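Reproduced below: upload22.txt, with compact mmCIF, C-alpha atoms.
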# COMPACT_ATOMS: atom_id res chain seq x y z
CA MET A 1 -11.62 -14.49 9.22
CA LYS A 2 -9.02 -11.77 8.91
CA PHE A 3 -8.18 -10.82 12.51
CA SER A 4 -8.05 -12.33 15.97
CA VAL A 5 -7.88 -9.53 18.53
CA ILE A 6 -6.33 -11.05 21.66
CA VAL A 7 -6.79 -9.17 24.94
CA PRO A 8 -4.94 -10.50 28.01
CA VAL A 9 -6.83 -9.46 31.14
CA TYR A 10 -5.47 -9.19 34.67
CA ASN A 11 -6.93 -6.93 37.35
CA VAL A 12 -8.01 -4.12 35.02
CA GLU A 13 -11.67 -3.74 35.96
CA ASN A 14 -11.41 0.05 35.70
CA TYR A 15 -9.99 0.00 32.17
CA LEU A 16 -11.35 -3.09 30.45
CA GLU A 17 -14.68 -1.77 29.25
CA ALA A 18 -13.10 1.18 27.45
CA CYS A 19 -10.61 -1.19 25.83
CA ILE A 20 -13.29 -3.59 24.60
CA SER A 21 -15.52 -0.74 23.46
CA SER A 22 -12.73 0.45 21.17
CA VAL A 23 -12.74 -2.98 19.48
CA ILE A 24 -16.52 -3.16 19.20
CA ALA A 25 -16.45 0.30 17.58
CA GLN A 26 -14.29 -0.93 14.68
CA SER A 27 -15.70 -0.21 11.24
CA CYS A 28 -14.23 -3.53 10.04
CA ARG A 29 -16.27 -6.48 11.29
CA ASP A 30 -14.05 -9.29 9.97
CA TYR A 31 -12.56 -10.21 13.34
CA GLU A 32 -12.98 -12.28 16.47
CA LEU A 33 -12.35 -10.93 19.95
CA ILE A 34 -10.69 -13.22 22.50
CA LEU A 35 -10.47 -12.19 26.15
CA VAL A 36 -7.99 -14.19 28.23
CA ASP A 37 -8.66 -13.73 31.94
CA ASP A 38 -5.28 -14.53 33.49
CA GLY A 39 -6.48 -15.39 36.98
CA SER A 40 -7.70 -11.91 37.90
CA THR A 41 -8.31 -11.36 41.61
CA ASP A 42 -10.61 -8.35 41.16
CA SER A 43 -13.87 -8.28 39.20
CA SER A 44 -12.18 -8.41 35.79
CA GLY A 45 -13.14 -12.05 35.20
CA VAL A 46 -16.81 -11.38 35.92
CA LEU A 47 -16.65 -8.31 33.70
CA CYS A 48 -15.17 -10.42 30.90
CA ASP A 49 -18.16 -12.77 31.08
CA ARG A 50 -20.62 -9.87 31.02
CA LEU A 51 -18.90 -8.22 28.05
CA ALA A 52 -18.73 -11.55 26.22
CA GLU A 53 -22.46 -12.01 26.62
CA GLN A 54 -23.11 -8.46 25.55
CA TYR A 55 -20.80 -8.40 22.54
CA HIS A 56 -20.59 -12.10 21.63
CA CYS A 57 -16.84 -12.39 22.09
CA ARG A 58 -14.93 -15.36 23.48
CA VAL A 59 -13.61 -15.60 27.03
CA ILE A 60 -10.97 -17.98 28.35
CA HIS A 61 -10.33 -18.15 32.09
CA GLN A 62 -6.99 -19.55 33.26
CA GLU A 63 -4.72 -19.61 36.28
CA ASN A 64 -2.35 -16.68 36.47
CA GLY A 65 0.64 -17.16 34.20
CA GLY A 66 1.54 -13.61 33.27
CA LEU A 67 1.11 -11.53 30.14
CA GLY A 68 3.10 -13.90 27.93
CA ALA A 69 1.08 -16.95 28.99
CA ALA A 70 -2.19 -15.12 28.36
CA ARG A 71 -1.08 -14.11 24.88
CA ASN A 72 -0.01 -17.68 24.15
CA THR A 73 -3.42 -18.97 25.17
CA GLY A 74 -4.93 -16.52 22.73
CA ILE A 75 -2.59 -17.66 19.97
CA GLU A 76 -3.65 -21.27 20.41
CA ALA A 77 -7.35 -20.36 20.41
CA ALA A 78 -7.20 -17.89 17.52
CA GLN A 79 -8.70 -18.58 14.11
CA GLY A 80 -7.96 -15.31 12.31
CA ASP A 81 -5.34 -14.91 9.62
CA TYR A 82 -3.61 -12.14 11.60
CA LEU A 83 -3.15 -11.74 15.34
CA PHE A 84 -3.56 -8.34 16.99
CA PHE A 85 -2.46 -8.12 20.64
CA LEU A 86 -4.30 -5.41 22.56
CA ASP A 87 -3.39 -4.75 26.20
CA SER A 88 -6.50 -4.47 28.34
CA ASP A 89 -5.77 -1.00 29.70
CA ASP A 90 -5.18 0.50 26.24
CA PHE A 91 -7.46 1.17 23.27
CA ILE A 92 -7.38 1.50 19.49
CA SER A 93 -8.76 3.99 16.98
CA PRO A 94 -12.05 3.08 15.25
CA ASP A 95 -10.40 2.71 11.82
CA THR A 96 -7.55 0.44 12.97
CA LEU A 97 -8.74 -2.93 11.66
CA GLN A 98 -10.20 -1.46 8.47
CA GLY A 99 -6.92 0.32 7.75
CA LEU A 100 -5.00 -2.90 8.34
CA SER A 101 -7.44 -4.87 6.21
CA THR A 102 -7.03 -2.49 3.29
CA GLU A 103 -3.24 -2.62 3.59
CA ILE A 104 -3.25 -6.43 3.74
CA ASP A 105 -5.17 -6.53 0.46
CA GLN A 106 -2.77 -4.11 -1.19
CA VAL A 107 0.60 -5.14 0.29
CA PRO A 108 0.65 -8.77 1.47
CA ALA A 109 3.12 -9.32 4.34
CA ASP A 110 3.75 -11.48 7.40
CA ILE A 111 3.96 -8.54 9.81
CA TYR A 112 2.40 -5.09 9.74
CA THR A 113 3.83 -2.53 12.15
CA PHE A 114 2.34 0.88 12.89
CA GLY A 115 2.59 3.85 15.25
CA PHE A 116 1.01 4.72 18.55
CA VAL A 117 0.12 7.61 20.84
CA THR A 118 1.11 7.55 24.50
CA SER A 119 -1.32 8.87 27.11
CA ASP A 120 -0.72 9.56 30.78
CA GLY A 121 -4.41 8.91 31.46
CA THR A 122 -5.49 12.52 31.08
CA ARG A 123 -3.78 13.75 27.92
CA ASP A 124 -2.09 12.45 24.80
CA ILE A 125 1.65 12.83 24.46
CA ALA A 126 3.52 13.14 21.17
CA PRO A 127 2.87 10.21 18.81
CA PHE A 128 5.57 7.77 17.76
CA VAL A 129 6.10 6.13 14.36
CA ASP A 130 9.16 4.16 13.30
CA GLN A 131 11.06 5.98 10.57
CA LEU A 132 11.17 3.30 7.87
CA PRO A 133 9.90 3.07 4.28
CA TYR A 134 6.11 2.91 4.34
CA HIS A 135 3.58 0.83 2.39
CA GLN A 136 6.00 -1.62 0.79
CA PRO A 137 7.13 -5.18 1.51
CA LEU A 138 10.45 -5.02 3.36
CA THR A 139 12.81 -7.81 4.39
CA LEU A 140 15.28 -7.85 7.24
CA HIS A 141 18.04 -8.71 4.78
CA SER A 142 17.41 -5.58 2.69
CA HIS A 143 16.46 -3.36 5.66
CA PRO A 144 18.32 -4.54 8.79
CA GLU A 145 17.14 -1.36 10.53
CA LEU A 146 13.83 -3.19 10.98
CA LEU A 147 15.45 -4.72 14.06
CA LEU A 148 15.59 -1.25 15.60
CA ALA A 149 11.83 -0.74 15.46
CA LEU A 150 10.12 -0.72 18.83
CA PRO A 151 9.53 -4.37 19.81
CA ASN A 152 6.11 -3.90 21.42
CA ALA A 153 3.73 -6.68 20.43
CA TRP A 154 0.75 -4.32 20.47
CA CYS A 155 1.86 -2.04 17.62
CA ARG A 156 1.84 -4.75 14.96
CA ALA A 157 -0.35 -7.40 13.40
CA VAL A 158 1.34 -10.77 12.82
CA ARG A 159 0.31 -13.57 10.50
CA ARG A 160 -0.91 -16.41 12.72
CA THR A 161 0.95 -19.06 10.73
CA LEU A 162 4.25 -17.29 11.49
CA PHE A 163 3.75 -18.13 15.16
CA LEU A 164 2.51 -21.64 14.45
CA ALA A 165 5.23 -22.62 11.96
CA SER A 166 8.09 -21.20 14.04
CA ASN A 167 6.73 -22.37 17.41
CA ILE A 168 7.77 -18.99 18.81
CA ARG A 169 5.75 -17.98 21.82
CA PHE A 170 5.92 -15.28 24.48
CA PRO A 171 7.76 -16.25 27.70
CA SER A 172 5.68 -16.50 30.86
CA ARG A 173 6.10 -14.64 34.15
CA VAL A 174 8.86 -12.33 32.98
CA TRP A 175 9.37 -8.69 32.14
CA TYR A 176 10.51 -7.68 28.66
CA GLU A 177 8.64 -10.51 26.94
CA ASP A 178 8.40 -8.48 23.71
CA ILE A 179 12.18 -8.06 23.24
CA ARG A 180 12.47 -11.85 23.55
CA THR A 181 9.86 -12.40 20.85
CA THR A 182 9.43 -9.64 18.25
CA PRO A 183 13.04 -9.55 16.92
CA LYS A 184 12.84 -13.32 16.35
CA LEU A 185 9.62 -12.96 14.36
CA THR A 186 11.24 -10.11 12.44
CA ALA A 187 14.08 -12.39 11.37
CA LEU A 188 11.69 -15.15 10.25
CA ALA A 189 9.16 -12.98 8.41
CA GLN A 190 9.26 -13.15 4.62
CA THR A 191 8.06 -9.54 4.38
CA ILE A 192 7.24 -6.71 6.79
CA ASP A 193 5.09 -3.69 5.96
CA VAL A 194 5.49 -0.48 7.97
CA LEU A 195 2.57 1.96 8.24
CA PRO A 196 2.67 5.61 9.40
CA ASN A 197 -0.71 5.44 11.16
CA THR A 198 -0.87 6.02 14.93
CA TRP A 199 -3.75 3.64 15.59
CA TYR A 200 -2.77 2.35 19.02
CA HIS A 201 -3.32 4.34 22.23
CA TYR A 202 -0.89 3.27 24.93
CA VAL A 203 -1.95 4.35 28.42
CA GLN A 204 0.89 4.52 30.93
CA ARG A 205 -0.27 3.79 34.46
CA GLU A 206 1.27 2.98 37.80
CA GLY A 207 2.53 -0.61 37.82
CA SER A 208 3.80 -0.62 34.25
CA ILE A 209 7.45 -1.54 33.75
CA THR A 210 8.34 2.05 32.90
CA ARG A 211 6.94 3.25 36.23
CA ASN A 212 7.53 0.24 38.46
CA SER A 213 9.74 0.88 41.49
CA ASN A 214 10.74 -2.80 41.90
CA LEU A 215 14.28 -2.06 40.76
CA THR A 216 15.70 -5.58 41.04
CA ARG A 217 13.36 -6.87 38.34
CA ASN A 218 15.10 -4.61 35.83
CA HIS A 219 17.82 -7.26 35.84
CA GLU A 220 15.45 -9.24 33.61
CA ILE A 221 16.45 -7.07 30.65
CA ILE A 222 19.78 -8.92 30.77
CA ASP A 223 17.95 -12.26 30.83
CA ALA A 224 15.90 -11.11 27.84
CA PHE A 225 19.00 -10.23 25.83
CA GLU A 226 20.68 -13.50 26.77
CA ASP A 227 17.65 -15.21 25.24
CA LEU A 228 17.60 -13.00 22.15
CA LEU A 229 21.34 -12.96 21.39
CA GLY A 230 21.53 -16.70 22.00
CA TRP A 231 18.72 -17.27 19.49
CA TYR A 232 20.52 -15.20 16.84
CA ARG A 233 23.82 -16.99 17.50
CA THR A 234 22.24 -20.44 17.34
CA ARG A 235 20.77 -19.65 13.94
CA GLY A 236 23.95 -18.17 12.54
CA LEU A 237 22.46 -14.68 12.29
CA PHE A 238 24.48 -12.87 14.95
CA ASP A 239 27.38 -11.77 12.76
CA GLN A 240 25.07 -10.60 9.98
CA TYR A 241 23.05 -8.37 12.31
CA GLN A 242 25.64 -7.63 14.98
CA THR A 243 25.53 -3.87 14.36
CA GLN A 244 21.76 -3.74 14.85
CA LEU A 245 21.81 -6.07 17.86
CA GLU A 246 24.53 -3.91 19.41
CA ARG A 247 22.35 -0.83 18.97
CA LEU A 248 19.38 -2.72 20.47
CA CYS A 249 21.49 -3.53 23.51
CA ILE A 250 22.57 0.10 23.83
CA ASP A 251 18.96 1.28 23.57
CA HIS A 252 17.28 -1.22 25.88
CA VAL A 253 19.96 -2.31 28.35
CA TYR A 254 22.38 0.58 28.64
CA LEU A 255 20.03 3.52 28.10
CA ALA A 256 16.43 2.58 28.93
CA ALA A 257 17.06 0.17 31.80
CA SER A 258 19.76 2.37 33.33
CA VAL A 259 17.45 5.38 33.26
CA ARG A 260 14.63 3.42 34.91
CA VAL A 261 16.97 2.46 37.74
CA LEU A 262 18.87 5.70 38.31
CA ARG A 263 15.67 7.74 38.42
CA VAL A 264 15.00 5.92 41.69
CA ASP A 265 18.48 5.08 42.96
CA PRO A 266 21.59 6.52 41.23
CA THR A 267 23.83 4.29 43.37
CA HIS A 268 22.19 0.97 42.48
CA PRO A 269 24.62 -1.83 41.49
CA LEU A 270 22.49 -2.69 38.46
CA LEU A 271 23.93 0.35 36.69
CA LYS A 272 27.34 -1.33 36.63
CA GLU A 273 25.80 -4.64 35.58
CA PHE A 274 24.14 -3.04 32.57
CA ARG A 275 27.40 -1.39 31.48
CA ASP A 276 29.38 -4.61 32.00
CA TYR A 277 26.84 -6.67 30.04
CA LEU A 278 27.02 -4.32 27.07
CA GLN A 279 30.82 -4.30 27.24
CA SER A 280 31.11 -8.10 27.41
CA ASN A 281 28.85 -8.75 24.41
CA PHE A 282 29.83 -5.74 22.32
CA PRO A 283 33.32 -4.64 23.41
CA ASN A 284 33.56 -2.07 20.62
CA TYR A 285 30.15 -0.49 21.25
CA ARG A 286 31.67 2.98 21.59
CA ASN A 287 32.58 2.78 17.90
CA SER A 288 29.12 1.74 16.76
CA PRO A 289 28.20 3.53 13.51
CA LEU A 290 24.61 3.72 14.75
CA LEU A 291 25.46 5.84 17.81
CA GLU A 292 25.34 8.99 15.72
CA GLU A 293 21.75 8.16 14.79
CA LEU A 294 20.59 8.40 18.39
CA PRO A 295 18.10 11.22 19.00
CA ARG A 296 19.57 14.22 20.78
CA SER A 297 18.02 13.32 24.15
CA LYS A 298 19.46 9.80 23.98
CA GLN A 299 22.85 11.13 22.94
CA LEU A 300 22.86 13.27 26.07
CA ALA A 301 21.84 10.29 28.23
CA TYR A 302 24.53 8.14 26.59
CA THR A 303 27.22 10.77 27.26
CA LEU A 304 26.19 11.16 30.89
CA LEU A 305 26.12 7.39 31.41
CA GLU A 306 29.57 7.05 29.90
CA ARG A 307 30.82 9.65 32.38
CA LYS A 308 28.85 8.00 35.22
CA HIS A 309 27.01 11.22 36.03
CA TYR A 310 24.11 9.27 37.52
CA ARG A 311 23.04 11.85 40.10
CA LEU A 312 22.98 14.58 37.48
CA MET A 313 20.79 12.40 35.28
CA LYS A 314 18.41 11.78 38.16
CA LEU A 315 18.15 15.53 38.71
CA LEU A 316 17.53 16.21 35.02
CA PHE A 317 14.77 13.62 34.84
CA SER A 318 13.20 14.99 38.02
CA LEU A 319 13.08 18.44 36.44
CA LYS A 320 11.64 16.97 33.26
CA ASP A 321 8.88 15.24 35.22
CA LYS A 322 8.14 18.41 37.19
CA PHE A 323 7.85 20.71 34.21
CA GLY A 324 6.54 18.17 31.71
CA GLN A 325 9.22 18.70 29.08
Encoding of this model in structure tokens:
Amino acid sequence: MKFSVIVPVYNVENYLEACISSVIAQSCRDYELILVDDGSTDSSGVLCDRLAEQYHCRVIHQENGGLGAARNTGIEAAQGDYLFFLDSDDFISPDTLQGLSTEIDQVPADIYTFGFVTSDGTRDIAPFVDQLPYHQPLTLHSHPELLLALPNAWCRAVRRTLFLASNIRFPSRVWYEDIRTTPKLTALAQTIDVLPNTWYHYVQREGSITRNSNLTRNHEIIDAFEDLLGWYRTRGLFDQYQTQLERLCIDHVYLAASVRVLRVDPTHPLLKEFRDYLQSNFPNYRNSPLLEELPRSKQLAYTLLERKHYRLMKLLFSLKDKFGQ
């Protein structure tokens, strides 16, 4: 069996059927579908059972352990050669698995990464694809910029034995579980193949990390980087990939996490914590050669953060949200 499609399910009764339908609609049939009901308190668990009976997929019910725990349950139960993690409120294009299957036959690799389209629930927003060489086996040693690819588990297919041999799993009950996991798999993969296809449809909804107003939990990005940087140091890889890890920290801690916080509260103490964390781990970050590769919008955000113009940034993002630009 080529693929195990693992769908963690938690209180998504209004989205789950559309998600599962997108899997059932796949032109490639060489897959198994595993639904992991992570202790849902709505009707999602009952819906899982009905869909399983209708489409002959597997369902596992478990006590709530969070997204990471649900994915791990799926990993242990999976039998496919490659694991595909699909969030239960998202969906995939009908040719996703067939496209991956064809690529696997042509370019064998441990990880396949591809693009996605973001939706706000009513319309698609501009697609995203990592700008890396396509359709060829890459290694982290030859292409360290692979570490800068988006870490989301759902825009890649990973060889199951890579998880099993490394014993790497997703952390439970935390935010930012992907940044704790994907860069480790990237370092261990023998080869990685990047595809330009935007197969995944990511639906942003209230309650997602990017829209969650529970500001204090954004501190977990620091916990995630403590985990990640510690892993690279323990394995003697930190010095080799310090430049890329520094840029990751700039992107995810200093820029993304700061923006999430200041959009709600431009006086929040976490803003200083994020800056101090970056400074303590990468004291020369202002001289990073990768800063000039930031997109124009991120360069503006970086400049404003450096000057501590938090209220101005909040205003700019408010205007962006209002006018949709």
(message) Env of stretch 202-206 of chain A: 12 Å cut, atoms = only C-alpha atoms, seq-sep filter 4 positions within chain, self excluded. Answer as number ranges by chain.
(response) A: 12, 14-15, 18-19, 86-93, 115-128, 152-155, 198, 210-214
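Closest approach to A:Asp239 among A:Leu304, A:Phe282, A:Glu273, A:Cys57: A:Phe282, based on all atoms listed in the file.
Restricting the calculation to all atoms listed in the file, the smallest distance between A:Ala109 and any of A:Ala157, A:Phe84, A:Gly65, A:Leu294 is found for A:Ala157.
Picture a line from atom CA of A:Leu195 to atom CA of A:Tyr241; it runs 23.3 Å.
Atom to atom, atom CA of A:Val129 and atom CA of A:Phe114 stand 6.6 Å apart.
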(request) Write out as a ChimeraX atom specification which residues come within 12 Å of A:Arg159 when counting all atoms listed in the file, dropping same-chain ones fewer than 5 positions away. (result) /A:2-4,75,78-85,104,108-113,164-166,185-186,188-193
Residues from last step as file, C-alpha atoms, as a PDB file, in the coordinates of the input:
ATOM      1  CA  LYS A   2      -9.020 -11.770   8.910  1.00  0.00           C
ATOM      2  CA  PHE A   3      -8.180 -10.820  12.510  1.00  0.00           C
ATOM      3  CA  SER A   4      -8.050 -12.330  15.970  1.00  0.00           C
ATOM      4  CA  ILE A  75      -2.590 -17.660  19.970  1.00  0.00           C
ATOM      5  CA  ALA A  78      -7.200 -17.890  17.520  1.00  0.00           C
ATOM      6  CA  GLN A  79      -8.700 -18.580  14.110  1.00  0.00           C
ATOM      7  CA  GLY A  80      -7.960 -15.310  12.310  1.00  0.00           C
ATOM      8  CA  ASP A  81      -5.340 -14.910   9.620  1.00  0.00           C
ATOM      9  CA  TYR A  82      -3.610 -12.140  11.600  1.00  0.00           C
ATOM     10  CA  LEU A  83      -3.150 -11.740  15.340  1.00  0.00           C
ATOM     11  CA  PHE A  84      -3.560  -8.340  16.990  1.00  0.00           C
ATOM     12  CA  PHE A  85      -2.460  -8.120  20.640  1.00  0.00           C
ATOM     13  CA  ILE A 104      -3.250  -6.430   3.740  1.00  0.00           C
ATOM     14  CA  PRO A 108       0.650  -8.770   1.470  1.00  0.00           C
ATOM     15  CA  ALA A 109       3.120  -9.320   4.340  1.00  0.00           C
ATOM     16  CA  ASP A 110       3.750 -11.480   7.400  1.00  0.00           C
ATOM     17  CA  ILE A 111       3.960  -8.540   9.810  1.00  0.00           C
ATOM     18  CA  TYR A 112       2.400  -5.090   9.740  1.00  0.00           C
ATOM     19  CA  THR A 113       3.830  -2.530  12.150  1.00  0.00           C
ATOM     20  CA  LEU A 164       2.510 -21.640  14.450  1.00  0.00           C
ATOM     21  CA  ALA A 165       5.230 -22.620  11.960  1.00  0.00           C
ATOM     22  CA  SER A 166       8.090 -21.200  14.040  1.00  0.00           C
ATOM     23  CA  LEU A 185       9.620 -12.960  14.360  1.00  0.00           C
ATOM     24  CA  THR A 186      11.240 -10.110  12.440  1.00  0.00           C
ATOM     25  CA  LEU A 188      11.690 -15.150  10.250  1.00  0.00           C
ATOM     26  CA  ALA A 189       9.160 -12.980   8.410  1.00  0.00           C
ATOM     27  CA  GLN A 190       9.260 -13.150   4.620  1.00  0.00           C
ATOM     28  CA  THR A 191       8.060  -9.540   4.380  1.00  0.00           C
ATOM     29  CA  ILE A 192       7.240  -6.710   6.790  1.00  0.00           C
ATOM     30  CA  ASP A 193       5.090  -3.690   5.960  1.00  0.00           C
TER      31      ASP A 193
END
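Put simply, atom CA of A:Val264 is 17.5 Å away from atom CA of A:His252.
Closest approach to A:Ser288 among A:Arg156, A:Arg247, A:Arg307, A:His268 is made by A:Arg247 (distances from only C-alpha atoms).
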(message) Let me make sure I understand: among A:Thr102, A:Ser258, A:Gln240, A:Asn72, which one has the smallest atom-to-atom distance to A:Glu177 if we use all atoms listed in the file?
(response) A:Asn72
(message) Residues near A:Val261, anyone? I mean within 7 Å using only C-alpha atoms, not counting same-chain ones fewer than 4 positions away, as an MDAnalysis selection string.
(response) chainID A and resid 215 257 265
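Considering the residues A:Arg263, A:Lys314, A:Lys184, A:His309 and counting only C-alpha atoms, A:Phe170 has its shortest atom-to-atom contact with A:Lys184.
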(message) Please determine, counting all atoms listed in the file, which residue among A:Glu293, A:Asp178, A:Asp95, A:Asp276 has the shortest atom-to-atom distance to A:Tyr200.
(response) A:Asp95
Please return the centre and edge lengths, in Å to one decimal, of a box with edges along x, y and z that contains all listed atoms of stretch 160-166 of chain A, widened by 3 Å on every side, as JSON.
{"center_x": 3.6, "center_y": -19.5, "center_z": 12.9, "size_x": 15.0, "size_y": 12.2, "size_z": 10.4}
